[in-house]
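Comments concern the structure below.
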Amino acid sequence: MTVDAVIFDLDGVIVDSEPVWEEVRRAYVAAHGGTWQPDTQRRLMGMSTGEWAAYLSGELGVDRTAGQVATEVVEEMTRRYARRVPLIDGADAVVRRMATRWPLGLASSSPTRLIAAALAATDLTAAFRVTLSTEETARGKPAPDVWLAVAERLGVDPTRCVAIEDSSNGVRSAAAAGMRVVAVPHGSYPLDPDAAALAAVTLTSVDALTPEVVERLG
């Protein structure tokens with residue numbers, strides 16, 4: 001089977017934003033009367049904006065509505081991105097290299113405005129034919145919704161797509177969409193065993209992602 005498209009996650013694959021998200025949300029929870037739990041960051045990775053805002057407001061006891069949580073946290077992330085987008089070394093070159101061979105999509109849990117800011121700052125906007133936030137799907141990761149929607153917008157069969165992911169929930173969601181998954185786990189957030197087993201290939205860094213790696217999955 002040939003590969004018809006490559007679909008990237010954003011956070012943790014192209015931009016090293018998971019530590020920034022964790023720092024911002026931890027501080028927000030502490031400032032608004034909530035309690036951060038040991039498993040909170042792992043649970044949040046892959047959630048849509050609505051899902052994590054409701055989680056902070058409900059499960060962690062933050063004294064703000066889910067709507068206020070979403071607005072205020074995303075505003076702080078936007079301020080951080082305005083100062084510096086933490087591009088992962090070599091990720092922009094990898095994306096451009098892939099774009100010469102396959103149509104690219106982006107399936108991200110970040111809000112639409114942060115996706116746009118990150119791609120503009122890294123000069124990658126034109127590399128992607130389709131970009132989509134889980135804000136625009138019914139469910140966030142680990143549900144497959146965002147991957148299926150990106151494949152549909154690209155006009156390709158999801159089973160003929162290769163997904164590039166870093167998080168356990170991301171790997172689970174792309175696999176549930178029927179895609180072959182290249183996992184590039186973040187050093188601070190290793191994959192859970194069940195997610196690692198779902199990956200077709202696991203790389204130690206995104207700059208190890210070459211067209212040959214993708215072609216071997218076809």
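Ordering of the structure tokens sets the chain letters (A, B, ...); residue numbers start at 1 within each chain; ligands are numbered from 1 in the order shown.
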
Name all residues at most 10 Å from Val214 (chain A) (count only C-alpha atoms; drop same-chain ones fewer than 6 positions away) and give them as number ranges by chain.
A: 2-3, 5-6, 98, 161-164, 180-182, 201

Could you write out that same residue set with N, CA and C atoms as a PDB file, in the first residue's frame?
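File again.pdb, as written:
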```pdb
ATOM      1  N   THR A   2       0.491   2.234  -0.787  1.00  0.00           N
ATOM      2  CA  THR A   2       1.274   3.472  -0.818  1.00  0.00           C
ATOM      3  C   THR A   2       0.786   4.425   0.272  1.00  0.00           C
ATOM      4  N   VAL A   3       1.663   5.350   0.616  1.00  0.00           N
ATOM      5  CA  VAL A   3       1.310   6.416   1.560  1.00  0.00           C
ATOM      6  C   VAL A   3       0.831   7.611   0.753  1.00  0.00           C
ATOM      7  N   ALA A   5      -0.563  10.544   2.263  1.00  0.00           N
ATOM      8  CA  ALA A   5      -0.422  11.812   2.998  1.00  0.00           C
ATOM      9  C   ALA A   5       0.278  11.559   4.323  1.00  0.00           C
ATOM     10  N   VAL A   6       0.909  12.602   4.830  1.00  0.00           N
ATOM     11  CA  VAL A   6       1.537  12.565   6.152  1.00  0.00           C
ATOM     12  C   VAL A   6       0.878  13.652   6.997  1.00  0.00           C
ATOM     13  N   MET A  98       9.289  16.702   4.034  1.00  0.00           N
ATOM     14  CA  MET A  98       8.119  15.855   3.811  1.00  0.00           C
ATOM     15  C   MET A  98       7.153  16.489   2.810  1.00  0.00           C
ATOM     16  N   CYS A 161      -2.610   6.978   5.352  1.00  0.00           N
ATOM     17  CA  CYS A 161      -1.898   8.118   5.952  1.00  0.00           C
ATOM     18  C   CYS A 161      -0.912   7.633   7.005  1.00  0.00           C
ATOM     19  N   VAL A 162       0.162   8.389   7.144  1.00  0.00           N
ATOM     20  CA  VAL A 162       1.104   8.191   8.246  1.00  0.00           C
ATOM     21  C   VAL A 162       0.977   9.380   9.186  1.00  0.00           C
ATOM     22  N   ALA A 163       0.823   9.085  10.465  1.00  0.00           N
ATOM     23  CA  ALA A 163       0.673  10.121  11.490  1.00  0.00           C
ATOM     24  C   ALA A 163       1.957  10.236  12.300  1.00  0.00           C
ATOM     25  N   ILE A 164       2.310  11.478  12.635  1.00  0.00           N
ATOM     26  CA  ILE A 164       3.514  11.739  13.437  1.00  0.00           C
ATOM     27  C   ILE A 164       3.062  12.286  14.779  1.00  0.00           C
ATOM     28  N   ARG A 180      -1.030   4.514  10.219  1.00  0.00           N
ATOM     29  CA  ARG A 180       0.235   4.011  10.729  1.00  0.00           C
ATOM     30  C   ARG A 180       0.935   5.166  11.441  1.00  0.00           C
ATOM     31  N   VAL A 181       1.420   4.892  12.640  1.00  0.00           N
ATOM     32  CA  VAL A 181       1.898   5.969  13.505  1.00  0.00           C
ATOM     33  C   VAL A 181       3.404   5.898  13.697  1.00  0.00           C
ATOM     34  N   VAL A 182       4.055   7.028  13.441  1.00  0.00           N
ATOM     35  CA  VAL A 182       5.452   7.208  13.816  1.00  0.00           C
ATOM     36  C   VAL A 182       5.452   7.985  15.129  1.00  0.00           C
ATOM     37  N   VAL A 201       6.540   2.701  14.221  1.00  0.00           N
ATOM     38  CA  VAL A 201       7.953   3.057  14.352  1.00  0.00           C
ATOM     39  C   VAL A 201       8.066   4.036  15.514  1.00  0.00           C
TER      40      VAL A 201
END
```

Using only C-alpha atoms, determine which residues lie at most 10 Å from Arg97 (chain A), disregarding the query and same-chain residues fewer than 6 positions distant; provide the list as a PDB file with N, CA and C atoms, in the first residue's frame.
```pdb
ATOM      1  N   ALA A  91      12.845  20.501  13.312  1.00  0.00           N
ATOM      2  CA  ALA A  91      11.479  20.127  12.939  1.00  0.00           C
ATOM      3  C   ALA A  91      11.007  20.855  11.689  1.00  0.00           C
ATOM      4  N   ALA A 127       3.360  25.034   4.270  1.00  0.00           N
ATOM      5  CA  ALA A 127       3.742  23.626   4.119  1.00  0.00           C
ATOM      6  C   ALA A 127       2.551  22.685   4.288  1.00  0.00           C
ATOM      7  N   LEU A 209      13.196  11.607  11.304  1.00  0.00           N
ATOM      8  CA  LEU A 209      12.085  11.317  10.395  1.00  0.00           C
ATOM      9  C   LEU A 209      12.490  11.691   8.969  1.00  0.00           C
ATOM     10  N   THR A 210      12.640  10.680   8.137  1.00  0.00           N
ATOM     11  CA  THR A 210      13.044  10.882   6.747  1.00  0.00           C
ATOM     12  C   THR A 210      11.964  10.314   5.824  1.00  0.00           C
ATOM     13  N   PRO A 211      11.983  10.696   4.551  1.00  0.00           N
ATOM     14  CA  PRO A 211      11.045  10.086   3.606  1.00  0.00           C
ATOM     15  C   PRO A 211      11.166   8.561   3.563  1.00  0.00           C
TER      16      PRO A 211
END
```

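Distance-wise, CA of Val184 (chain A) and CA of Pro144 (chain A) end up 18.4 Å apart.
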
Report as a tab-separated table: every residue of region 101-174 of chain A with an atom at most 10 Å from region 47-54 of chain A, its closest pair of atoms, and their distance in Å to one decimal, counting only C-alpha atoms, with rows sorted by chain and ascending residue number.
```
residue	atom	partner	partner_atom	distance
A:Ser108	CA	A:Ser48	CA	8.7
A:Ser109	CA	A:Ser48	CA	5.3
A:Ser110	CA	A:Thr49	CA	7.2
A:Pro111	CA	A:Thr49	CA	6.5
A:Thr112	CA	A:Thr49	CA	9.9
A:Ser133	CA	A:Ser48	CA	7.9
A:Thr134	CA	A:Ser48	CA	5.2
A:Glu135	CA	A:Ser48	CA	5.8
A:Glu136	CA	A:Ser48	CA	9.0
A:Thr137	CA	A:Ser48	CA	8.6
A:Ala138	CA	A:Ser48	CA	9.1
A:Arg139	CA	A:Ser48	CA	7.1
A:Gly140	CA	A:Ser48	CA	4.6
A:Lys141	CA	A:Met47	CA	5.6
A:Pro142	CA	A:Met47	CA	7.8
A:Ala143	CA	A:Met47	CA	9.4
A:Asn169	CA	A:Met47	CA	8.4
A:Gly170	CA	A:Met47	CA	9.4
```

Would you save the residues of that selection, restricted to all heavy atoms, as a tab-separated table (two decimals), in the first residue's frame?
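As a result, out_0.tsv now contains:
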```
chain	number	residue	atom	x	y	z
A	108	SER	N	-4.09	18.93	15.50
A	108	SER	CA	-3.55	19.43	16.76
A	108	SER	C	-4.62	19.64	17.83
A	108	SER	O	-5.76	19.97	17.53
A	108	SER	CB	-2.84	20.78	16.52
A	108	SER	OG	-2.37	21.33	17.72
A	109	SER	N	-4.20	19.46	19.08
A	109	SER	CA	-5.07	19.77	20.21
A	109	SER	C	-4.98	21.24	20.60
A	109	SER	O	-5.74	21.70	21.45
A	109	SER	CB	-4.71	18.90	21.42
A	109	SER	OG	-4.87	17.54	21.10
A	110	SER	N	-4.05	21.97	20.02
A	110	SER	CA	-3.93	23.39	20.33
A	110	SER	C	-5.12	24.16	19.76
A	110	SER	O	-5.69	23.76	18.74
A	110	SER	CB	-2.65	23.97	19.72
A	110	SER	OG	-1.58	23.90	20.62
A	111	PRO	N	-5.49	25.27	20.38
A	111	PRO	CA	-6.53	26.13	19.81
A	111	PRO	C	-6.09	26.66	18.45
A	111	PRO	O	-4.90	26.82	18.18
A	111	PRO	CB	-6.64	27.27	20.82
A	111	PRO	CG	-6.05	26.76	22.08
A	111	PRO	CD	-4.99	25.78	21.67
A	112	THR	N	-7.06	26.94	17.60
A	112	THR	CA	-6.80	27.40	16.24
A	112	THR	C	-5.86	28.61	16.22
A	112	THR	O	-4.95	28.69	15.38
A	112	THR	CB	-8.12	27.74	15.54
A	112	THR	OG1	-8.95	26.56	15.55
A	112	THR	CG2	-7.90	28.19	14.11
A	133	SER	N	-7.79	22.05	14.44
A	133	SER	CA	-7.74	21.96	15.89
A	133	SER	C	-8.87	21.07	16.39
A	133	SER	O	-9.96	21.03	15.80
A	133	SER	CB	-7.89	23.35	16.51
A	133	SER	OG	-8.17	23.27	17.90
A	134	THR	N	-8.62	20.37	17.49
A	134	THR	CA	-9.69	19.58	18.09
A	134	THR	C	-10.80	20.47	18.65
A	134	THR	O	-11.85	19.97	19.03
A	134	THR	CB	-9.17	18.67	19.21
A	134	THR	OG1	-8.41	19.45	20.15
A	134	THR	CG2	-8.27	17.56	18.66
A	135	GLU	N	-10.56	21.79	18.70
A	135	GLU	CA	-11.65	22.72	19.00
A	135	GLU	C	-12.81	22.54	18.02
A	135	GLU	O	-13.96	22.82	18.35
A	135	GLU	CB	-11.18	24.18	18.86
A	135	GLU	CG	-10.39	24.71	20.02
A	135	GLU	CD	-10.10	26.20	19.86
A	135	GLU	OE1	-10.01	26.69	18.70
A	135	GLU	OE2	-9.97	26.86	20.88
A	136	GLU	N	-12.49	22.09	16.81
A	136	GLU	CA	-13.48	22.00	15.74
A	136	GLU	C	-14.02	20.59	15.54
A	136	GLU	O	-14.75	20.33	14.58
A	136	GLU	CB	-12.87	22.52	14.43
A	136	GLU	CG	-12.42	23.97	14.50
A	136	GLU	CD	-11.78	24.42	13.20
A	136	GLU	OE1	-12.47	24.42	12.18
A	136	GLU	OE2	-10.58	24.77	13.23
A	137	THR	N	-13.67	19.67	16.44
A	137	THR	CA	-14.19	18.30	16.34
A	137	THR	C	-14.98	17.99	17.61
A	137	THR	O	-14.85	18.67	18.63
A	137	THR	CB	-13.06	17.28	16.17
A	137	THR	OG1	-12.18	17.33	17.31
A	137	THR	CG2	-12.26	17.56	14.91
A	138	ALA	N	-15.78	16.95	17.54
A	138	ALA	CA	-16.64	16.60	18.68
A	138	ALA	C	-15.82	16.17	19.88
A	138	ALA	O	-16.16	16.49	21.03
A	138	ALA	CB	-17.62	15.50	18.28
A	139	ARG	N	-14.74	15.43	19.62
A	139	ARG	CA	-13.93	14.89	20.72
A	139	ARG	C	-12.46	15.15	20.45
A	139	ARG	O	-12.01	15.16	19.31
A	139	ARG	CB	-14.17	13.38	20.86
A	139	ARG	CG	-15.60	12.98	21.18
A	139	ARG	CD	-15.78	11.47	21.10
A	139	ARG	NE	-15.51	10.97	19.75
A	139	ARG	CZ	-15.48	9.67	19.44
A	139	ARG	NH1	-15.70	8.76	20.36
A	139	ARG	NH2	-15.23	9.29	18.18
A	140	GLY	N	-11.71	15.34	21.53
A	140	GLY	CA	-10.26	15.45	21.41
A	140	GLY	C	-9.61	14.08	21.41
A	140	GLY	O	-10.27	13.05	21.44
A	141	LYS	N	-8.29	14.08	21.36
A	141	LYS	CA	-7.54	12.83	21.45
A	141	LYS	C	-7.71	12.26	22.87
A	141	LYS	O	-7.76	13.05	23.81
A	141	LYS	CB	-6.06	13.10	21.15
A	141	LYS	CG	-5.84	13.74	19.77
A	141	LYS	CD	-4.40	14.20	19.60
A	141	LYS	CE	-4.22	14.95	18.28
A	141	LYS	NZ	-2.84	15.44	18.11
A	142	PRO	N	-7.85	10.95	23.06
A	142	PRO	CA	-7.50	9.83	22.19
A	142	PRO	C	-8.57	9.41	21.17
A	142	PRO	O	-8.37	8.41	20.49
A	142	PRO	CB	-7.23	8.69	23.18
A	142	PRO	CG	-8.15	8.97	24.31
A	142	PRO	CD	-8.17	10.48	24.43
A	143	ALA	N	-9.70	10.10	21.10
A	143	ALA	CA	-10.66	9.79	20.03
A	143	ALA	C	-10.02	10.12	18.68
A	143	ALA	O	-9.18	11.00	18.58
A	143	ALA	CB	-11.94	10.59	20.23
A	169	ASN	N	-1.83	9.70	24.22
A	169	ASN	CA	-3.18	9.92	23.71
A	169	ASN	C	-3.18	10.21	22.22
A	169	ASN	O	-4.09	9.82	21.49
A	169	ASN	CB	-3.87	11.05	24.48
A	169	ASN	CG	-4.45	10.58	25.79
A	169	ASN	OD1	-4.67	9.38	25.99
A	169	ASN	ND2	-4.71	11.50	26.69
A	170	GLY	N	-2.15	10.89	21.75
A	170	GLY	CA	-2.04	11.17	20.33
A	170	GLY	C	-1.83	9.91	19.52
A	170	GLY	O	-2.44	9.71	18.46
```

Check the DSSP output for the backbone and give back, as number ranges by chain, the residues of region 21-192 of chain A in strand (DSSP E).
A: 104-108, 130-133, 161-165, 180-183

For Thr65 (chain A), which residue among A:Arg83, A:Ala197, A:Ala121, A:His32 is the nearest when counting only C-alpha atoms?
A:His32

Excluding His186 (chain A) and residues on its chain fewer than 3 positions from it, collect all residues at most 12 Å away from it, counting only C-alpha atoms, and give them as a compact mmCIF listing (two decimals) with N, CA and C atoms, in the first residue's frame.
```
# COMPACT_ATOMS: atom_id res chain seq x y z
N ASP A 11 2.09 20.03 18.93
CA ASP A 11 2.74 20.14 20.24
C ASP A 11 3.55 18.89 20.54
N GLY A 12 4.85 19.10 20.78
CA GLY A 12 5.73 17.98 21.09
C GLY A 12 6.38 17.37 19.88
N VAL A 13 5.90 17.70 18.68
CA VAL A 13 6.49 17.18 17.44
C VAL A 13 7.22 18.30 16.70
N ILE A 14 6.53 19.43 16.51
CA ILE A 14 7.11 20.57 15.80
C ILE A 14 7.53 21.67 16.79
N VAL A 15 6.71 21.92 17.77
CA VAL A 15 7.08 22.89 18.81
C VAL A 15 7.12 22.19 20.16
N ASP A 16 8.11 22.55 20.96
CA ASP A 16 8.29 21.93 22.28
C ASP A 16 7.42 22.68 23.29
N SER A 17 6.12 22.58 23.09
CA SER A 17 5.20 23.41 23.86
C SER A 17 4.61 22.71 25.08
N GLU A 18 4.74 21.37 25.17
CA GLU A 18 4.14 20.71 26.32
C GLU A 18 4.67 21.24 27.66
N PRO A 19 5.99 21.49 27.80
CA PRO A 19 6.46 22.07 29.06
C PRO A 19 5.89 23.47 29.31
N ARG A 42 -0.28 14.26 32.17
CA ARG A 42 -0.47 13.13 31.26
C ARG A 42 -1.93 13.06 30.79
N MET A 45 -2.72 15.92 28.09
CA MET A 45 -2.10 15.86 26.77
C MET A 45 -3.06 15.21 25.78
N ILE A 88 11.14 22.88 17.93
CA ILE A 88 12.04 21.75 18.17
C ILE A 88 13.12 21.75 17.09
N GLU A 165 3.33 11.56 15.85
CA GLU A 165 2.81 11.91 17.17
C GLU A 165 3.87 11.74 18.26
N ASP A 166 3.65 12.44 19.38
CA ASP A 166 4.58 12.30 20.50
C ASP A 166 3.95 11.74 21.76
N SER A 167 2.65 11.98 21.96
CA SER A 167 2.02 11.64 23.24
C SER A 167 1.26 10.32 23.16
N SER A 168 1.02 9.72 24.32
CA SER A 168 0.27 8.47 24.38
C SER A 168 -1.14 8.64 23.81
N ALA A 183 5.93 7.36 16.18
CA ALA A 183 5.96 8.00 17.50
C ALA A 183 7.32 8.64 17.73
N TYR A 189 7.97 13.01 28.79
CA TYR A 189 6.65 12.39 28.79
C TYR A 189 6.69 11.09 27.98
N PRO A 190 7.32 10.03 28.51
CA PRO A 190 7.43 8.78 27.75
C PRO A 190 6.07 8.16 27.47
N LEU A 191 6.01 7.34 26.44
CA LEU A 191 4.76 6.70 26.07
C LEU A 191 4.38 5.63 27.09
N ASP A 192 3.06 5.51 27.34
CA ASP A 192 2.56 4.38 28.11
C ASP A 192 2.77 3.11 27.28
N THR A 202 9.13 3.92 16.30
CA THR A 202 9.41 4.90 17.34
C THR A 202 10.79 5.50 17.11
N LEU A 203 10.83 6.83 17.04
CA LEU A 203 12.08 7.55 16.80
C LEU A 203 12.48 8.31 18.07
N THR A 204 13.78 8.55 18.21
CA THR A 204 14.25 9.27 19.40
C THR A 204 14.17 10.79 19.22
N SER A 205 14.09 11.25 17.95
CA SER A 205 13.97 12.68 17.70
C SER A 205 13.31 12.88 16.35
N VAL A 206 12.68 14.04 16.18
CA VAL A 206 11.95 14.27 14.94
C VAL A 206 12.89 14.41 13.74
```

What's around Thr125 (chain A) at 10 Å? Count only C-alpha atoms, leave out sequence neighbours fewer than 6 positions away in its own chain, and write the answer as a PyMOL selection string.
chain A and resi 115-119+131

Limited to all heavy atoms, could you put the picked residues into a file as a CSV table (one decimal), in the first residue's frame?
```csv
chain,number,residue,atom,x,y,z
A,115,ILE,N,-2.3,27.5,16.8
A,115,ILE,CA,-1.7,26.8,15.6
A,115,ILE,C,-1.3,27.8,14.6
A,115,ILE,O,-0.2,27.8,14.1
A,115,ILE,CB,-2.8,25.9,15.0
A,115,ILE,CG1,-3.2,24.7,15.9
A,115,ILE,CG2,-2.3,25.3,13.6
A,115,ILE,CD1,-4.4,23.9,15.4
A,116,ALA,N,-2.1,28.8,14.3
A,116,ALA,CA,-1.8,29.8,13.4
A,116,ALA,C,-0.5,30.6,13.8
A,116,ALA,O,0.4,30.9,13.0
A,116,ALA,CB,-2.9,30.8,13.2
A,117,ALA,N,-0.4,30.9,15.1
A,117,ALA,CA,0.7,31.7,15.6
A,117,ALA,C,2.0,30.9,15.5
A,117,ALA,O,3.1,31.4,15.1
A,117,ALA,CB,0.5,32.1,17.0
A,118,ALA,N,1.9,29.6,15.8
A,118,ALA,CA,3.1,28.7,15.8
A,118,ALA,C,3.6,28.5,14.4
A,118,ALA,O,4.8,28.6,14.1
A,118,ALA,CB,2.8,27.4,16.4
A,119,LEU,N,2.7,28.3,13.4
A,119,LEU,CA,3.1,28.1,12.0
A,119,LEU,C,3.6,29.3,11.4
A,119,LEU,O,4.6,29.3,10.6
A,119,LEU,CB,1.9,27.5,11.2
A,119,LEU,CG,1.4,26.1,11.6
A,119,LEU,CD1,0.4,25.6,10.7
A,119,LEU,CD2,2.6,25.1,11.7
A,131,THR,N,-5.0,22.3,8.1
A,131,THR,CA,-4.7,22.3,9.6
A,131,THR,C,-6.0,22.3,10.3
A,131,THR,O,-7.0,22.9,9.9
A,131,THR,CB,-3.9,23.5,10.0
A,131,THR,OG1,-4.6,24.7,9.7
A,131,THR,CG2,-2.6,23.6,9.2
```

CA of Leu10 (chain A) and CA of Gly178 (chain A), how far apart in Å?
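Pair CA of Gly178 (chain A) / CA of Leu10 (chain A) returns 19.4 Å.
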